[in-house]
file work_17.tsv (TSV, C-alpha atoms)
chain	number	residue	atom	x	y	z
A	1	MET	CA	7.60	-15.46	-6.90
A	2	GLY	CA	8.46	-12.64	-4.55
A	3	SER	CA	9.98	-12.90	-1.10
A	4	LEU	CA	10.34	-10.90	2.09
A	5	GLU	CA	13.94	-10.33	3.23
A	6	VAL	CA	14.56	-9.73	6.94
A	7	ASP	CA	17.63	-8.19	8.57
A	8	GLU	CA	18.62	-6.08	11.61
A	9	PRO	CA	20.53	-3.00	10.36
A	10	ALA	CA	20.70	-1.24	13.77
A	11	ALA	CA	20.10	-1.93	17.44
A	12	GLY	CA	16.40	-2.42	18.07
A	13	VAL	CA	15.58	-2.10	14.35
A	14	VAL	CA	14.30	-4.86	12.07
A	15	ARG	CA	14.12	-4.20	8.32
A	16	LEU	CA	11.65	-5.96	6.02
A	17	THR	CA	12.45	-5.74	2.30
A	18	LEU	CA	9.90	-6.47	-0.43
A	19	ALA	CA	11.81	-8.45	-3.07
A	20	ASN	CA	10.17	-9.25	-6.40
A	21	PRO	CA	12.56	-7.58	-8.85
A	22	ALA	CA	11.24	-9.25	-11.99
A	23	LYS	CA	7.87	-7.59	-11.36
A	24	ARG	CA	8.97	-4.26	-9.87
A	25	ASN	CA	8.33	-5.59	-6.35
A	26	ALA	CA	4.69	-6.29	-7.13
A	27	LEU	CA	2.73	-7.61	-4.17
A	28	ASP	CA	2.10	-11.26	-4.91
A	29	ARG	CA	0.64	-13.82	-2.51
A	30	GLU	CA	4.08	-14.93	-1.34
A	31	ILE	CA	5.12	-11.44	-0.24
A	32	LEU	CA	1.76	-10.62	1.34
A	33	ASP	CA	1.56	-13.94	3.19
A	34	ALA	CA	5.12	-13.45	4.42
A	35	LEU	CA	4.29	-9.98	5.74
A	36	ALA	CA	1.21	-11.28	7.57
A	37	ALA	CA	3.21	-14.14	9.09
A	38	THR	CA	6.39	-12.22	9.91
A	39	LEU	CA	5.12	-8.97	11.43
A	40	PRO	CA	3.53	-10.56	14.54
A	41	GLU	CA	6.82	-12.38	15.23
A	42	VAL	CA	9.09	-9.34	14.94
A	43	HIS	CA	10.82	-8.36	18.19
A	44	ALA	CA	12.04	-4.81	17.69
A	45	ARG	CA	11.57	-1.28	18.92
A	46	CYS	CA	11.05	-0.01	15.37
A	47	ILE	CA	10.54	-1.64	11.95
A	48	VAL	CA	11.65	-0.43	8.51
A	49	LEU	CA	9.64	-1.51	5.45
A	50	THR	CA	11.38	-0.95	2.12
A	51	GLY	CA	11.79	-2.41	-1.37
A	52	ALA	CA	14.67	-4.12	-3.12
A	53	GLY	CA	16.45	-2.27	-5.89
A	54	SER	CA	15.16	1.08	-7.14
A	55	ILE	CA	11.39	0.72	-6.58
A	56	PHE	CA	9.30	0.30	-3.45
A	57	SER	CA	6.35	-1.53	-5.02
A	58	ALA	CA	4.29	-1.36	-8.20
A	59	GLY	CA	1.20	-2.57	-6.31
A	60	TYR	CA	-0.90	-5.71	-6.72
A	61	ASP	CA	0.51	-8.43	-8.93
A	62	ILE	CA	-2.30	-8.52	-11.50
A	63	GLY	CA	-0.24	-9.67	-14.46
A	64	ASP	CA	-0.78	-13.37	-13.79
A	65	LEU	CA	-4.51	-13.32	-13.03
A	66	ALA	CA	-6.30	-16.06	-14.99
A	67	PRO	CA	-8.68	-14.47	-17.52
A	68	GLU	CA	-11.33	-17.14	-16.93
A	69	ARG	CA	-11.28	-16.47	-13.15
A	70	LEU	CA	-10.46	-12.78	-13.26
A	71	ALA	CA	-13.06	-11.53	-10.78
A	72	GLU	CA	-12.53	-14.38	-8.32
A	73	GLU	CA	-8.71	-14.21	-8.34
A	74	ALA	CA	-8.63	-10.40	-8.07
A	75	ALA	CA	-11.10	-10.44	-5.20
A	76	GLU	CA	-9.14	-13.19	-3.45
A	77	LEU	CA	-5.83	-11.36	-3.82
A	78	VAL	CA	-7.17	-8.07	-2.48
A	79	ALA	CA	-9.53	-9.45	0.14
A	80	HIS	CA	-7.32	-12.06	1.76
A	81	PRO	CA	-3.54	-11.80	1.50
A	82	PHE	CA	-3.45	-8.01	1.04
A	83	GLN	CA	-5.97	-7.36	3.80
A	84	ALA	CA	-4.13	-9.77	6.09
A	85	ALA	CA	-0.86	-7.91	5.49
A	86	LEU	CA	-2.51	-4.56	6.22
A	87	GLU	CA	-4.09	-5.93	9.37
A	88	ALA	CA	-0.70	-7.21	10.51
A	89	LEU	CA	0.78	-3.74	9.95
A	90	ASP	CA	-2.09	-2.14	11.85
A	91	ALA	CA	-1.71	-4.55	14.76
A	92	VAL	CA	2.08	-4.50	15.17
A	93	ALA	CA	3.06	-2.67	18.35
A	94	PRO	CA	6.37	-1.02	17.32
A	95	PRO	CA	6.23	1.96	14.95
A	96	VAL	CA	6.94	1.21	11.29
A	97	VAL	CA	8.98	3.46	8.99
A	98	ALA	CA	8.31	3.09	5.26
A	99	ALA	CA	11.52	3.82	3.34
A	100	LEU	CA	10.26	4.48	-0.17
A	101	ASN	CA	13.35	3.79	-2.25
A	102	GLY	CA	11.40	4.36	-5.47
A	103	HIS	CA	7.91	4.40	-6.94
A	104	ALA	CA	5.01	3.39	-4.67
A	105	ILE	CA	1.91	2.65	-6.73
A	106	GLY	CA	-1.55	1.34	-5.87
A	107	GLY	CA	-1.44	-1.30	-3.17
A	108	GLY	CA	2.22	-0.46	-2.65
A	109	LEU	CA	1.28	3.08	-1.68
A	110	GLU	CA	-1.48	1.89	0.65
A	111	LEU	CA	1.01	-0.47	2.28
A	112	ALA	CA	3.30	2.51	2.87
A	113	LEU	CA	0.39	4.55	4.20
A	114	ALA	CA	-0.32	1.82	6.77
A	115	CYS	CA	3.11	2.58	8.22
A	116	ASP	CA	3.58	5.29	10.84
A	117	LEU	CA	6.28	7.36	9.11
A	118	ARG	CA	7.35	7.63	5.47
A	119	VAL	CA	10.66	8.74	3.96
A	120	ALA	CA	10.83	8.93	0.17
A	121	ALA	CA	13.68	9.10	-2.31
A	122	ALA	CA	13.73	12.20	-4.48
A	123	GLY	CA	12.44	11.30	-7.92
A	124	ALA	CA	10.06	8.63	-6.64
A	125	LYS	CA	6.50	8.73	-7.97
A	126	LEU	CA	3.42	7.91	-5.91
A	127	GLY	CA	-0.05	7.22	-7.24
A	128	MET	CA	-3.33	5.34	-7.06
A	129	PRO	CA	-4.39	3.92	-10.45
A	130	PRO	CA	-7.66	2.01	-9.76
A	131	ALA	CA	-9.48	4.27	-12.25
A	132	ARG	CA	-7.04	3.05	-14.94
A	133	LEU	CA	-8.07	-0.55	-14.19
A	134	GLY	CA	-11.83	-0.22	-13.71
A	135	LEU	CA	-11.61	-0.81	-9.95
A	136	VAL	CA	-13.54	0.63	-7.03
A	137	TYR	CA	-11.15	0.94	-4.09
A	138	SER	CA	-12.02	-0.31	-0.61
A	139	HIS	CA	-13.58	2.12	1.86
A	140	THR	CA	-10.96	1.08	4.42
A	141	GLY	CA	-8.20	1.96	1.97
A	142	LEU	CA	-9.77	5.30	1.10
A	143	ARG	CA	-10.15	6.05	4.81
A	144	ARG	CA	-6.36	5.78	5.21
A	145	PHE	CA	-5.85	8.42	2.56
A	146	LEU	CA	-8.54	10.70	3.98
A	147	ASP	CA	-6.89	10.49	7.41
A	148	ALA	CA	-3.45	11.23	5.94
A	149	ILE	CA	-4.07	13.92	3.33
A	150	GLY	CA	-7.71	15.00	3.62
A	151	GLY	CA	-10.61	14.91	1.20
A	152	ALA	CA	-9.39	17.29	-1.50
A	153	ARG	CA	-6.07	15.56	-2.07
A	154	THR	CA	-7.60	12.08	-1.81
A	155	ARG	CA	-10.11	13.02	-4.51
A	156	GLU	CA	-7.30	14.34	-6.68
A	157	LEU	CA	-5.23	11.19	-6.21
A	158	PHE	CA	-8.04	8.74	-6.96
A	159	LEU	CA	-10.15	10.66	-9.48
A	160	THR	CA	-7.27	11.76	-11.73
A	161	ALA	CA	-5.13	8.59	-11.26
A	162	ARG	CA	-2.04	10.70	-11.89
A	163	LEU	CA	1.34	10.11	-10.33
A	164	VAL	CA	2.70	12.72	-7.95
A	165	SER	CA	6.36	13.37	-7.25
A	166	ALA	CA	7.94	12.70	-3.87
A	167	GLU	CA	8.30	16.45	-3.43
A	168	GLU	CA	4.60	17.03	-4.13
A	169	ALA	CA	3.74	14.15	-1.79
A	170	LEU	CA	5.78	15.89	0.92
A	171	ALA	CA	3.77	19.10	0.46
A	172	TRP	CA	0.55	17.08	0.71
A	173	GLY	CA	1.63	15.29	3.89
A	174	LEU	CA	1.67	11.95	2.11
A	175	VAL	CA	5.32	11.48	3.13
A	176	ASN	CA	7.22	13.01	6.04
A	177	GLU	CA	10.60	13.56	4.40
A	178	VAL	CA	12.35	13.44	1.01
A	179	VAL	CA	16.06	12.63	0.67
A	180	ALA	CA	18.48	11.89	-2.16
A	181	PRO	CA	18.10	8.33	-3.50
A	182	ALA	CA	21.62	7.37	-2.40
A	183	GLN	CA	20.82	8.51	1.16
A	184	LEU	CA	17.43	6.80	1.41
A	185	PRO	CA	18.45	3.37	2.79
A	186	ALA	CA	20.61	4.89	5.53
A	187	ARG	CA	18.07	7.60	6.36
A	188	GLY	CA	15.30	5.03	6.86
A	189	VAL	CA	17.49	3.10	9.29
A	190	VAL	CA	18.65	6.25	11.13
A	191	LEU	CA	15.06	7.44	11.59
A	192	ALA	CA	14.04	4.00	12.86
A	193	ALA	CA	17.03	3.96	15.22
A	194	GLU	CA	15.98	7.37	16.58
A	195	VAL	CA	12.54	5.98	17.36
A	196	ALA	CA	14.06	2.81	18.83
A	197	ALA	CA	16.17	4.89	21.22
A	198	LEU	CA	13.09	6.48	22.81
A	199	SER	CA	10.93	5.06	25.58
A	200	PRO	CA	9.21	1.99	24.12
A	201	LEU	CA	6.37	2.38	26.62
A	202	SER	CA	5.73	5.93	25.46
A	203	VAL	CA	6.18	5.28	21.73
A	204	ARG	CA	3.95	2.21	21.66
A	205	GLY	CA	1.37	3.86	23.90
A	206	ASN	CA	1.18	7.01	21.80
A	207	LYS	CA	0.91	4.93	18.64
A	208	ARG	CA	-2.02	3.00	20.12
A	209	VAL	CA	-3.84	6.18	21.19
A	210	LEU	CA	-3.33	7.77	17.76
A	211	ASP	CA	-4.61	4.65	16.01
A	212	GLU	CA	-7.75	4.64	18.13
A	213	LEU	CA	-8.40	8.35	17.59
A	214	LEU	CA	-8.16	7.90	13.81
A	215	THR	CA	-10.61	4.99	13.75
A	216	ALA	CA	-14.06	6.02	12.55
A	217	PRO	CA	-16.10	2.90	11.67
A	218	LEU	CA	-18.94	3.15	9.18
A	219	ALA	CA	-22.46	1.98	9.88
A	220	PRO	CA	-22.93	-1.71	8.95
A	221	ASP	CA	-25.45	-1.00	6.19
A	222	VAL	CA	-23.16	1.57	4.56
A	223	MET	CA	-20.20	-0.83	4.74
A	224	ALA	CA	-22.31	-3.53	3.08
A	225	GLU	CA	-23.33	-1.14	0.29
A	226	LEU	CA	-19.73	-0.05	-0.37
A	227	ASP	CA	-18.47	-3.64	-0.32
A	228	ALA	CA	-21.16	-4.59	-2.86
A	229	LEU	CA	-20.10	-1.69	-5.10
A	230	ARG	CA	-16.53	-2.91	-5.01
A	231	GLU	CA	-17.48	-6.55	-5.69
A	232	ALA	CA	-19.51	-5.43	-8.71
A	233	ALA	CA	-16.45	-3.65	-10.09
A	234	PHE	CA	-14.42	-6.86	-9.89
A	235	ARG	CA	-16.99	-8.54	-12.15
A	236	SER	CA	-17.35	-5.65	-14.58
A	237	GLU	CA	-16.35	-5.57	-18.25
A	238	ASP	CA	-14.28	-2.49	-17.49
A	239	PHE	CA	-12.09	-4.35	-14.99
A	240	ALA	CA	-11.52	-7.21	-17.43
A	241	GLU	CA	-10.57	-4.67	-20.10
A	242	GLY	CA	-8.33	-2.77	-17.68
A	243	VAL	CA	-6.36	-5.91	-16.85
A	244	ARG	CA	-6.08	-6.88	-20.53
A	245	ALA	CA	-4.85	-3.41	-21.44
A	246	PHE	CA	-2.33	-3.49	-18.60
A	247	ALA	CA	-0.97	-6.84	-19.77
A	248	GLU	CA	-0.87	-5.70	-23.42
A	249	LYS	CA	0.64	-2.29	-22.55
A	250	ARG	CA	-2.04	-0.30	-24.35
A	251	GLU	CA	-4.74	2.22	-23.53
A	252	PRO	CA	-7.98	0.58	-22.30
A	253	ARG	CA	-11.24	0.85	-24.26
A	254	TRP	CA	-13.82	1.52	-21.55
A	255	GLN	CA	-17.47	0.43	-21.85
A	256	GLY	CA	-18.75	1.85	-18.59
A	257	ARG	CA	-20.21	-1.47	-17.46

call {"tool": "encode", "arguments": {"input": "work_17.tsv", "output": "structure tokens"}}
result
Amino acid sequence: MGSLEVDEPAAGVVRLTLANPAKRNALDREILDALAATLPEVHARCIVLTGAGSIFSAGYDIGDLAPERLAEEAAELVAHPFQAALEALDAVAPPVVAALNGHAIGGGLELALACDLRVAAAGAKLGMPPARLGLVYSHTGLRRFLDAIGGARTRELFLTARLVSAEEALAWGLVNEVVAPAQLPARGVVLAAEVAALSPLSVRGNKRVLDELLTAPLAPDVMAELDALREAAFRSEDFAEGVRAFAEKREPRWQGR
């Protein structure tokens, strides 16, 4: 099981570290529940979110999904603990700096995108692999990417499922800064400390205004249609095959249904 480590590396700064080293910091229920529970209780002027070791997060922990309850368990993981963690990130008043100490894949990348600023280690890879698993991503998740990098880059990220380098992500606007891996932990804390030293009234107020300006809710009938499309993907043969292939470390054999 993973855990969430909490420390205070600088005045006014709280650091949250995703720790699940045996699974490349995969987001299991324990980590996601801890994020949802911890974030509302954090008293800081800025928060750093990072990963333990040399990777930020490999995304959802799908390796232990029960084959006989594949659709139900996948839907539960994504819909409840992951959504609750994202909502906690969205709701937290202080700005959050994502310090991407290594690869940020799938749900790990969306978690980073829910933060306000992102610093990445040179050599890190970022990507969204739902097309390699037979998944349809949530419209709320896709909206984050559209807001951050626009339609053309979001299409490239999701429709090719390729990994992009930290340097390419910087050019896209997916991250704000790239530093040497050895400098990444300190740089994340320094950036957070810079934010913490500014007027908390101004910083929190500007963050709130920006969040509201970027919110563009869909019509209820469209949301229902997109949610149904996603639910159908969870129950598809392709998703079951994608998870099997992931577990067996082989190329999937798609059926298109």

call {"tool": "atom_distance", "arguments": {"input": "work_17.tsv", "atom1": "atom CA of Leu157 of chain A", "atom2": "atom CA of Ala171 of chain A"}}
result
13.7 Å

call {"tool": "closest_residue", "arguments": {"input": "work_17.tsv", "among": "A:Val14, A:Leu32, A:Ala197, A:Ala98", "to": "Ile47 of chain A", "atoms": "all atoms listed in the file"}}
result
A:Val14

call {"tool": "residues_near_point", "arguments": {"input": "work_17.tsv", "point": "(-4.7, -9.8, 9.0)", "cutoff": "12 Å", "atoms": "all atoms listed in the file", "output": "list of chain:residue names"}}
result
A:Leu32, A:Asp33, A:Ala34, A:Leu35, A:Ala36, A:Ala37, A:Thr38, A:Leu39, A:Pro40, A:Val78, A:Ala79, A:His80, A:Pro81, A:Phe82, A:Gln83, A:Ala84, A:Ala85, A:Leu86, A:Glu87, A:Ala88, A:Leu89, A:Asp90, A:Ala91, A:Val92

call {"tool": "atom_distance", "arguments": {"input": "work_17.tsv", "atom1": "atom CA of Asp61 of chain A", "atom2": "atom CA of Thr154 of chain A"}}
result
23.2 Å

call {"tool": "residues_near_point", "arguments": {"input": "work_17.tsv", "point": "(-19.2, -6.2, -8.1)", "cutoff": "12 Å", "atoms": "only C-alpha atoms", "output": "list in words"}}
result
Ala71, Glu72, Ala74, Ala75, Gly134, Leu135, Val136, Tyr137, Ser138, Ala224, Glu225, Leu226, Asp227, Ala228, Leu229, Arg230, Glu231, Ala232, Ala233, Phe234, Arg235, Ser236, Glu237, Asp238, Phe239 and Arg257 of chain A

call {"tool": "closest_residue", "arguments": {"input": "work_17.tsv", "among": "A:Arg132, A:Ser57, A:Leu117, A:Glu212", "to": "Ala240 of chain A", "atoms": "all atoms listed in the file"}}
result
A:Arg132

call {"tool": "residues_around", "arguments": {"input": "work_17.tsv", "residues": "segment 26-28 of chain A", "least_positions_apart": "5", "cutoff": "9 Å", "atoms": "only C-alpha atoms", "output": "ChimeraX atom specification"}}
result
/A:1-3,18-21,33,56-62,77,81-82,107-108

call {"tool": "closest_residue", "arguments": {"input": "work_17.tsv", "among": "A:Ala52, A:Met128, A:Asp7, A:Val42", "to": "Lys23 of chain A", "atoms": "all atoms listed in the file"}}
result
A:Ala52

call {"tool": "atom_distance", "arguments": {"input": "work_17.tsv", "atom1": "atom CA of Val178 of chain A", "atom2": "atom CA of Pro200 of chain A"}}
result
26.0 Å

call {"tool": "closest_residue", "arguments": {"input": "work_17.tsv", "among": "A:Val96, A:Val189, A:Ile105, A:Ala161", "to": "Ala131 of chain A", "atoms": "only C-alpha atoms"}}
result
A:Ala161

call {"tool": "closest_residue", "arguments": {"input": "work_17.tsv", "among": "A:Leu133, A:Val195, A:Val119, A:Ala186", "to": "Lys207 of chain A", "atoms": "all atoms listed in the file"}}
result
A:Val195

call {"tool": "closest_residue", "arguments": {"input": "work_17.tsv", "among": "A:Arg45, A:Arg118, A:Arg153, A:Arg144", "to": "Ala196 of chain A", "atoms": "all atoms listed in the file"}}
result
A:Arg45
